[in-house]
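Here's query35.txt, which has compact mmCIF, C-alpha atoms and all ligand atoms:
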# COMPACT_ATOMS: atom_id res chain seq x y z
CA MET Y 92 293.58 175.43 162.54
CA THR Y 93 295.90 172.68 163.72
CA SER Y 94 294.23 172.22 167.12
CA ILE Y 95 290.99 170.41 167.80
CA SER Y 96 288.59 173.15 168.84
CA THR Y 97 285.70 171.75 170.83
CA ALA Y 98 284.58 175.20 171.93
CA THR Y 99 281.10 176.23 170.83
CA PRO Y 100 279.36 179.49 171.78
CA GLY Y 101 276.78 177.43 173.74
CA TRP Y 102 279.43 175.62 175.80
CA LEU Y 103 281.35 178.85 176.48
CA ALA Y 104 278.14 180.62 177.60
CA LEU Y 105 277.20 177.70 179.88
CA ARG Y 106 280.59 177.66 181.59
CA ALA Y 107 281.10 181.46 181.74
CA PRO Y 108 279.55 182.05 185.22
CA ALA Y 109 281.63 179.20 186.73
CA ASP Y 110 284.74 180.51 184.96
CA ASP Y 111 284.17 184.03 186.25
CA SER Y 112 283.71 182.84 189.84
CA ALA Y 113 286.85 180.68 189.61
CA ARG Y 114 289.36 183.12 188.05
CA SER Y 115 291.98 184.54 190.42
CA ALA Y 116 291.04 188.12 191.32
CA GLU Y 117 294.33 188.27 193.24
CA LEU Y 118 296.47 187.58 190.14
CA ALA Y 119 294.36 190.04 188.14
CA HIS Y 120 295.00 192.64 190.84
CA GLU Y 121 298.72 191.88 190.66
CA LEU Y 122 298.64 192.35 186.87
CA ALA Y 123 296.84 195.68 187.33
CA ARG Y 124 299.61 196.72 189.72
CA LEU Y 125 302.26 195.76 187.15
CA LEU Y 126 300.46 197.88 184.54
CA SER Y 127 299.96 200.91 186.74
CA GLY Y 128 303.00 202.78 185.41
CA VAL Y 129 302.49 201.82 181.75
CA SER Y 130 301.82 204.68 179.34
CA ALA Y 131 298.34 204.67 177.88
CA PRO Y 132 296.67 203.02 176.14
CA ILE Y 133 297.20 199.60 177.69
CA VAL Y 134 297.36 197.01 174.90
CA VAL Y 135 296.38 193.45 175.82
CA HIS Y 136 296.55 190.44 173.49
CA ASP Y 137 294.11 187.65 174.39
CA LEU Y 138 295.03 184.28 172.85
CA GLY Y 139 292.28 181.75 172.08
CA ALA Y 140 289.81 184.54 172.79
CA GLY Y 141 286.67 182.54 171.90
CA THR Y 142 283.65 184.76 172.51
CA GLY Y 143 285.66 187.22 174.64
CA SER Y 144 285.01 186.00 178.18
CA MET Y 145 288.52 186.81 179.47
CA THR Y 146 288.19 190.38 178.17
CA ARG Y 147 284.74 190.79 179.74
CA TRP Y 148 286.10 189.67 183.12
CA LEU Y 149 289.55 191.29 183.13
CA ALA Y 150 289.07 194.66 181.41
CA PRO Y 151 287.11 196.22 184.35
CA ARG Y 152 289.97 195.16 186.67
CA LEU Y 153 292.69 196.96 184.68
CA PRO Y 154 293.37 200.65 184.26
CA GLY Y 155 292.38 202.33 181.00
CA PRO Y 156 292.31 203.39 178.31
CA GLN Y 157 292.61 199.87 176.88
CA ARG Y 158 292.95 198.29 173.46
CA TRP Y 159 292.49 194.53 173.18
CA VAL Y 160 293.74 192.34 170.35
CA LEU Y 161 291.64 189.17 170.37
CA ARG Y 162 293.38 186.29 168.58
CA ASP Y 163 291.75 182.94 167.80
CA GLY Y 164 292.25 180.28 165.14
CA ASP Y 165 288.53 179.58 164.72
CA PRO Y 166 286.80 182.12 162.43
CA ASP Y 167 283.36 180.81 163.45
CA ILE Y 168 283.78 181.31 167.20
CA VAL Y 169 284.93 184.93 166.87
CA GLU Y 170 281.68 185.66 164.98
CA HIS Y 171 280.12 185.34 168.44
CA LEU Y 172 282.44 187.81 170.20
CA ASP Y 173 280.48 189.97 172.58
CA LEU Y 174 282.31 193.01 173.95
CA ARG Y 175 279.39 195.46 173.83
CA ALA Y 176 279.26 196.25 177.55
CA VAL Y 177 282.97 195.94 178.33
CA VAL Y 178 284.54 198.87 180.17
CA ASP Y 179 287.89 199.51 181.86
CA ALA Y 180 288.37 200.25 185.57
CA SER Y 181 287.29 203.86 185.00
CA GLY Y 182 284.09 202.81 183.25
CA HIS Y 183 285.24 203.76 179.73
CA ALA Y 184 284.59 201.53 176.72
CA ILE Y 185 287.54 199.52 175.44
CA ALA Y 186 288.81 199.39 171.85
CA SER Y 187 289.35 196.00 170.21
CA ASP Y 188 290.70 194.27 167.10
CA VAL Y 189 290.27 190.65 166.05
CA VAL Y 190 292.99 188.50 164.47
CA VAL Y 191 292.03 185.07 163.11
CA GLU Y 192 295.24 183.10 163.32
CA ASP Y 193 296.44 179.73 164.54
CA LEU Y 194 298.89 179.95 167.42
CA SER Y 195 301.53 178.22 165.30
CA GLN Y 196 301.39 181.27 162.97
CA LEU Y 197 301.80 183.82 165.79
CA PRO Y 198 304.58 186.20 164.69
CA ALA Y 199 307.61 186.07 167.02
CA ASP Y 200 307.29 189.85 167.52
CA ALA Y 201 303.48 189.82 167.91
CA PHE Y 202 303.58 191.38 171.38
CA GLU Y 203 306.18 194.08 170.68
CA GLY Y 204 304.98 197.33 172.32
CA SER Y 205 302.08 195.63 174.10
CA SER Y 206 301.33 195.73 177.83
CA ALA Y 207 300.03 192.22 178.65
CA VAL Y 208 299.21 188.86 177.12
CA THR Y 209 296.29 186.79 178.38
CA ALA Y 210 294.57 183.49 177.65
CA SER Y 211 291.82 181.52 179.31
CA ALA Y 212 291.08 177.79 179.03
CA LEU Y 213 293.72 177.51 176.32
CA LEU Y 214 297.07 176.19 177.65
CA ASP Y 215 295.87 172.59 178.09
CA VAL Y 216 295.01 172.32 174.38
CA VAL Y 217 298.33 173.62 173.04
CA THR Y 218 301.50 171.65 172.33
CA GLU Y 219 304.81 172.10 174.12
CA ALA Y 220 306.21 173.78 170.98
CA GLU Y 221 303.28 176.22 170.81
CA ALA Y 222 303.60 177.02 174.53
CA ALA Y 223 307.35 177.64 174.07
CA HIS Y 224 306.60 179.89 171.07
CA VAL Y 225 304.14 181.98 173.13
CA VAL Y 226 306.54 182.24 176.08
CA ARG Y 227 309.39 183.30 173.76
CA ALA Y 228 307.17 186.02 172.26
CA CYS Y 229 306.24 187.29 175.75
CA VAL Y 230 309.88 187.29 176.88
CA ALA Y 231 311.08 188.98 173.66
CA ALA Y 232 308.61 191.81 174.24
CA GLY Y 233 308.99 191.87 178.06
CA THR Y 234 305.20 191.54 178.30
CA PRO Y 235 303.60 190.08 181.47
CA ALA Y 236 301.27 187.13 180.90
CA LEU Y 237 298.14 186.01 182.74
CA PHE Y 238 296.97 182.55 181.68
CA SER Y 239 293.70 181.65 183.35
CA LEU Y 240 291.78 178.41 183.97
CA THR Y 241 294.13 175.68 182.81
CA VAL Y 242 292.96 172.21 183.88
CA THR Y 243 295.15 170.32 186.34
CA GLY Y 244 293.52 166.93 185.81
CA ALA Y 245 291.86 166.65 189.23
CA ALA Y 246 288.08 166.38 189.59
CA ARG Y 247 285.83 165.36 192.47
CA VAL Y 248 282.18 164.28 192.21
CA ARG Y 249 279.90 164.30 195.28
CA PRO Y 250 278.12 162.52 196.90
CA ALA Y 251 281.01 160.05 196.88
CA GLU Y 252 278.88 156.89 197.23
CA ARG Y 253 280.88 153.86 196.14
CA HIS Y 254 282.21 155.01 192.78
CA GLU Y 255 285.85 155.71 193.67
CA ALA Y 256 287.32 152.95 191.50
CA ILE Y 257 285.46 153.83 188.28
CA GLU Y 258 285.92 157.56 188.90
CA HIS Y 259 289.64 157.03 189.33
CA ALA Y 260 289.78 155.02 186.08
CA ILE Y 261 287.72 157.64 184.20
CA GLY Y 262 289.87 160.47 185.57
CA ALA Y 263 293.11 158.78 184.55
CA ALA Y 264 291.78 157.91 181.07
CA PHE Y 265 290.48 161.48 180.64
CA ASN Y 266 293.91 162.90 181.49
CA ASP Y 267 295.61 160.53 179.02
CA HIS Y 268 293.06 161.68 176.44
CA GLN Y 269 293.98 165.31 177.17
CA ARG Y 270 297.65 164.50 176.54
CA ARG Y 271 296.93 162.39 173.47
CA ARG Y 272 298.68 162.72 170.14
CA HIS Y 273 296.30 163.89 167.39
CA ASP Y 274 297.38 164.72 163.83
CA GLU Y 275 301.03 164.71 164.96
CA ARG Y 276 300.22 167.11 167.82
CA ARG Y 277 300.56 166.15 171.47
CA MET Y 278 298.63 168.53 173.69
CA LEU Y 279 299.98 169.49 177.11
CA GLY Y 280 296.70 168.71 178.94
CA PRO Y 281 297.22 168.68 182.72
CA ASP Y 282 300.99 169.17 182.29
CA ALA Y 283 300.46 172.66 180.89
CA VAL Y 284 300.88 174.86 183.98
CA PRO Y 285 304.11 173.23 185.24
CA ALA Y 286 305.47 173.26 181.67
CA VAL Y 287 304.71 176.95 181.08
CA ALA Y 288 305.83 177.95 184.59
CA GLY Y 289 309.13 176.16 183.89
CA LEU Y 290 309.60 177.97 180.57
CA PHE Y 291 309.10 181.39 182.21
CA ALA Y 292 311.31 180.45 185.18
CA ASP Y 293 314.07 179.34 182.75
CA ALA Y 294 313.87 182.82 181.21
CA GLY Y 295 314.45 184.30 184.69
CA TRP Y 296 310.86 185.56 185.10
CA ASN Y 297 308.72 185.69 188.24
CA VAL Y 298 305.87 183.19 188.23
CA ARG Y 299 302.83 182.97 190.49
CA VAL Y 300 300.25 180.19 190.28
CA ALA Y 301 296.82 180.24 191.96
CA ALA Y 302 294.33 177.39 192.39
CA THR Y 303 291.13 178.36 190.56
CA PRO Y 304 288.74 175.39 190.76
CA TRP Y 305 285.19 175.30 189.54
CA ARG Y 306 283.12 174.55 192.65
CA LEU Y 307 279.82 173.58 191.10
CA SER Y 308 276.92 173.43 193.51
CA ARG Y 309 273.72 171.40 193.02
CA ARG Y 310 272.17 174.43 191.30
CA ARG Y 311 274.64 174.13 188.41
CA GLY Y 312 273.02 170.91 187.14
CA ALA Y 313 273.18 171.82 183.43
CA LEU Y 314 276.91 172.59 183.52
CA ILE Y 315 277.63 169.56 185.73
CA ALA Y 316 275.77 167.30 183.28
CA GLU Y 317 277.57 168.72 180.24
CA TRP Y 318 280.96 168.48 181.94
CA LEU Y 319 280.37 164.96 183.26
CA ASP Y 320 279.11 163.72 179.90
CA GLY Y 321 282.23 165.08 178.15
CA TRP Y 322 284.50 163.72 180.89
CA VAL Y 323 283.16 160.18 180.48
CA SER Y 324 283.05 160.35 176.66
CA ALA Y 325 286.70 161.43 176.43
CA ALA Y 326 287.71 158.68 178.88
CA LEU Y 327 285.86 156.10 176.78
CA GLU Y 328 287.55 157.29 173.60
CA GLN Y 329 290.82 156.63 175.36
CA ARG Y 330 289.84 153.36 177.08
CA PRO Y 331 286.80 151.77 175.36
CA GLU Y 332 287.14 148.70 177.61
CA LEU Y 333 285.69 150.80 180.49
CA ALA Y 334 282.37 151.12 178.60
CA ALA Y 335 280.11 148.79 180.60
CA GLU Y 336 280.94 150.24 184.00
CA ALA Y 337 281.42 153.83 182.81
CA GLU Y 338 278.09 153.96 180.94
CA GLU Y 339 276.25 152.69 184.02
CA TYR Y 340 278.11 155.28 186.09
CA ARG Y 341 277.23 158.05 183.59
CA ARG Y 342 273.51 157.16 183.58
CA HIS Y 343 273.41 157.21 187.39
CA ARG Y 344 275.34 160.48 187.78
CA LEU Y 345 273.37 162.30 185.03
CA ALA Y 346 270.12 161.31 186.76
CA GLN Y 347 271.52 162.72 190.01
CA ALA Y 348 272.54 165.96 188.24
CA ALA Y 349 269.06 166.32 186.70
CA ALA Y 350 267.53 165.85 190.15
CA GLY Y 351 269.84 168.52 191.62
CA HIS Y 352 271.76 166.09 193.81
CA LEU Y 353 275.27 166.33 192.35
CA ARG Y 354 278.19 168.60 193.23
CA VAL Y 355 281.47 168.75 191.33
CA THR Y 356 284.88 170.33 191.83
CA VAL Y 357 287.05 170.61 188.72
CA SER Y 358 290.56 171.89 189.43
CA HIS Y 359 292.19 174.63 187.38
CA GLU Y 360 295.13 176.95 187.86
CA ASP Y 361 295.83 180.54 186.83
CA LEU Y 362 299.40 181.58 186.12
CA LEU Y 363 300.90 185.06 186.13
CA ALA Y 364 304.44 185.61 184.81
CA TRP Y 365 306.35 188.88 184.63
CA PRO Y 366 309.96 190.01 184.12
CA ARG Y 367 312.15 190.56 187.18
C1 LIG G 1 288.00 176.51 175.56
S1 LIG G 1 287.99 177.84 174.43
C2 LIG G 1 288.23 179.22 175.51
C3 LIG G 1 287.70 180.50 174.93
C4 LIG G 1 287.84 181.72 175.86
N1 LIG G 1 289.23 182.03 176.10
C5 LIG G 1 287.11 181.49 177.17
O1 LIG G 1 287.75 181.39 178.22
O2 LIG G 1 285.86 181.41 177.12
C6 LIG G 1 289.57 177.72 173.61
C7 LIG G 1 289.70 178.69 172.46
O3 LIG G 1 291.04 178.61 171.96
C8 LIG G 1 291.02 178.54 170.54
N2 LIG G 1 292.21 177.75 170.16
C9 LIG G 1 292.51 176.49 170.54
N3 LIG G 1 293.67 176.09 169.99
C10 LIG G 1 294.12 177.14 169.24
C11 LIG G 1 295.26 177.35 168.42
N4 LIG G 1 296.18 176.40 168.25
N5 LIG G 1 295.38 178.53 167.77
C12 LIG G 1 294.45 179.51 167.94
N6 LIG G 1 293.33 179.37 168.71
C13 LIG G 1 293.18 178.20 169.34
C14 LIG G 1 289.71 177.86 170.20
O4 LIG G 1 289.27 178.20 168.90
C15 LIG G 1 288.79 178.38 171.29
O5 LIG G 1 288.12 179.56 170.90

Any chance you could give the structure as structure tokens?
Amino acid sequence: MTSISTATPGWLALRAPADDSARSAELAHELARLLSGVSAPIVVHDLGAGTGSMTRWLAPRLPGPQRWVLRDGDPDIVEHLDLRAVVDASGHAIASDVVVEDLSQLPADAFEGSSAVTASALLDVVTEAEAAHVVRACVAAGTPALFSLTVTGAARVRPAERHEAIEHAIGAAFNDHQRRRHDERRMLGPDAVPAVAGLFADAGWNVRVAATPWRLSRRRGALIAEWLDGWVSAALEQRPELAAEAEEYRRHRLAQAAAGHLRVTVSHEDLLAWPR
């Protein structure tokens, strides 16, 4: 796989409740409306499927019968797919297939005859060329796309105290890290939603974007700690000169998270695109 997959089943399970609360029910409803006249079964391709969290959340919101094609470049993560209890809007079990394949190998006609394409927490780790390839495949097949939970680069940690300067520096370094070039690939990071929205708009498609932030309360200490630790580590990889101040900041904030005193908002956006 040409991307750097940092997804593990443990991390995906830890974030799943926050993801599910954040996703845009309104855009899912709009997709269901677009699919209402489609002849059965509805066929949905989920890109970067991981352990199947997008399918678990979206399938009950769409009409059935449904067949899902779960595509991911990491053969290990799909070993942990869990679709046992997944049903469509009528309560019937869904059918599914798994394709292990890097996005760069996605056939141009992969979505021919399908009803929808989805992805979740994927667009920020793809390149501009990969995003353009996916959009071209959607447009060629006339298949609506719902891309959920793409990071925008904004994060807010509370209580604010007096950490604005170091938090600003960490945030900026983290975003540069997201956009970094690695093995000749430059990931879209926080530029992903505007880039993909622009590609669909250029093709003459309708695009709707919804803000879908994680709003992590004090009770989400384990997820806050994991997120904050990764946020600071990525920033330090990008700007090691921040180490002294950032490590002190990390120690203080992790202690607050462990004590149940920290709240975090991490911004994401969902994007729905469909032909006019
Ligand atoms: C952050 S995880 C999200 C998983 C799942 N969609 C979810 O929301 O829980 C990103 C997933 O995309 C896959 N992925 C990343 N880059 C990829 C690529 N270039 N080709 C195929 N899969 C990729 C990873 O293996 C990983 O399973």

Please identify every polymer residue within 9 Å of ligand LIG 1 (chain G), using all atoms listed in the file, and present the set as a PyMOL selection string.
chain Y and resi 92-100+102-104+106-107+110+137-146+162-169+191-197+209-214+216-218+221+239-240

If I take atom CA of Y:Val177 and atom CA of Y:Ala113, how far is one from the other in Å, to one decimal?
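One can read the atom CA of Y:Val177 to atom CA of Y:Ala113 distance as 19.4 Å.
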
Quick one: of Y:Ala199, Y:Leu172, Y:Leu237, Y:Leu290, who's nearest to Y:His120, counting all atoms listed in the file?
Y:Leu237

Distance in Å - atom CA of Y:Ala150 versus atom CA of Y:Asp200
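So the two atoms, atom CA of Y:Ala150 and atom CA of Y:Asp200, lie 23.4 Å apart.
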
Point-to-point distance in Å for atom CA of Y:Ala109 and atom CA of Y:Trp305:
6.0 Å

For Y:Ala264, please output as a list in words all residues within 8 Å (counting only C-alpha atoms; exclusion window: fewer than 3 positions along the same chain).
Ala260, Ile261, Asp267, His268, Ala325, Ala326, Leu327, Gln329 and Arg330 of chain Y

Stretch 230-233 of chain Y environment, 12 Å, all atoms listed in the file, sequence neighbours closer than 6 positions dropped, as a ChimeraX atom specification
/Y:125,198-208,223-224,290-297,364-367

Only C-alpha atoms, please: the residues just picked out, written as a PDB file, keeping the file's coordinate frame.
ATOM      1  CA  LEU Y 125     302.260 195.760 187.150  1.00  0.00           C
ATOM      2  CA  PRO Y 198     304.580 186.200 164.690  1.00  0.00           C
ATOM      3  CA  ALA Y 199     307.610 186.070 167.020  1.00  0.00           C
ATOM      4  CA  ASP Y 200     307.290 189.850 167.520  1.00  0.00           C
ATOM      5  CA  ALA Y 201     303.480 189.820 167.910  1.00  0.00           C
ATOM      6  CA  PHE Y 202     303.580 191.380 171.380  1.00  0.00           C
ATOM      7  CA  GLU Y 203     306.180 194.080 170.680  1.00  0.00           C
ATOM      8  CA  GLY Y 204     304.980 197.330 172.320  1.00  0.00           C
ATOM      9  CA  SER Y 205     302.080 195.630 174.100  1.00  0.00           C
ATOM     10  CA  SER Y 206     301.330 195.730 177.830  1.00  0.00           C
ATOM     11  CA  ALA Y 207     300.030 192.220 178.650  1.00  0.00           C
ATOM     12  CA  VAL Y 208     299.210 188.860 177.120  1.00  0.00           C
ATOM     13  CA  ALA Y 223     307.350 177.640 174.070  1.00  0.00           C
ATOM     14  CA  HIS Y 224     306.600 179.890 171.070  1.00  0.00           C
ATOM     15  CA  LEU Y 290     309.600 177.970 180.570  1.00  0.00           C
ATOM     16  CA  PHE Y 291     309.100 181.390 182.210  1.00  0.00           C
ATOM     17  CA  ALA Y 292     311.310 180.450 185.180  1.00  0.00           C
ATOM     18  CA  ASP Y 293     314.070 179.340 182.750  1.00  0.00           C
ATOM     19  CA  ALA Y 294     313.870 182.820 181.210  1.00  0.00           C
ATOM     20  CA  GLY Y 295     314.450 184.300 184.690  1.00  0.00           C
ATOM     21  CA  TRP Y 296     310.860 185.560 185.100  1.00  0.00           C
ATOM     22  CA  ASN Y 297     308.720 185.690 188.240  1.00  0.00           C
ATOM     23  CA  ALA Y 364     304.440 185.610 184.810  1.00  0.00           C
ATOM     24  CA  TRP Y 365     306.350 188.880 184.630  1.00  0.00           C
ATOM     25  CA  PRO Y 366     309.960 190.010 184.120  1.00  0.00           C
ATOM     26  CA  ARG Y 367     312.150 190.560 187.180  1.00  0.00           C
TER      27      ARG Y 367
END

Surrounding residues of Y:Thr303 excluding itself and chain neighbours under 4 positions, 10 Å, only C-alpha atoms, as a tab-separated table (two decimals) with C-alpha atoms, in the frame of the given file:
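After the write, result.tsv holds the following:
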chain	number	residue	atom	x	y	z
Y	110	ASP	CA	284.74	180.51	184.96
Y	111	ASP	CA	284.17	184.03	186.25
Y	112	SER	CA	283.71	182.84	189.84
Y	113	ALA	CA	286.85	180.68	189.61
Y	114	ARG	CA	289.36	183.12	188.05
Y	115	SER	CA	291.98	184.54	190.42
Y	116	ALA	CA	291.04	188.12	191.32
Y	239	SER	CA	293.70	181.65	183.35
Y	240	LEU	CA	291.78	178.41	183.97
Y	241	THR	CA	294.13	175.68	182.81
Y	242	VAL	CA	292.96	172.21	183.88
Y	243	THR	CA	295.15	170.32	186.34
Y	357	VAL	CA	287.05	170.61	188.72
Y	358	SER	CA	290.56	171.89	189.43
Y	359	HIS	CA	292.19	174.63	187.38
Y	360	GLU	CA	295.13	176.95	187.86
Y	361	ASP	CA	295.83	180.54	186.83
Y	362	LEU	CA	299.40	181.58	186.12
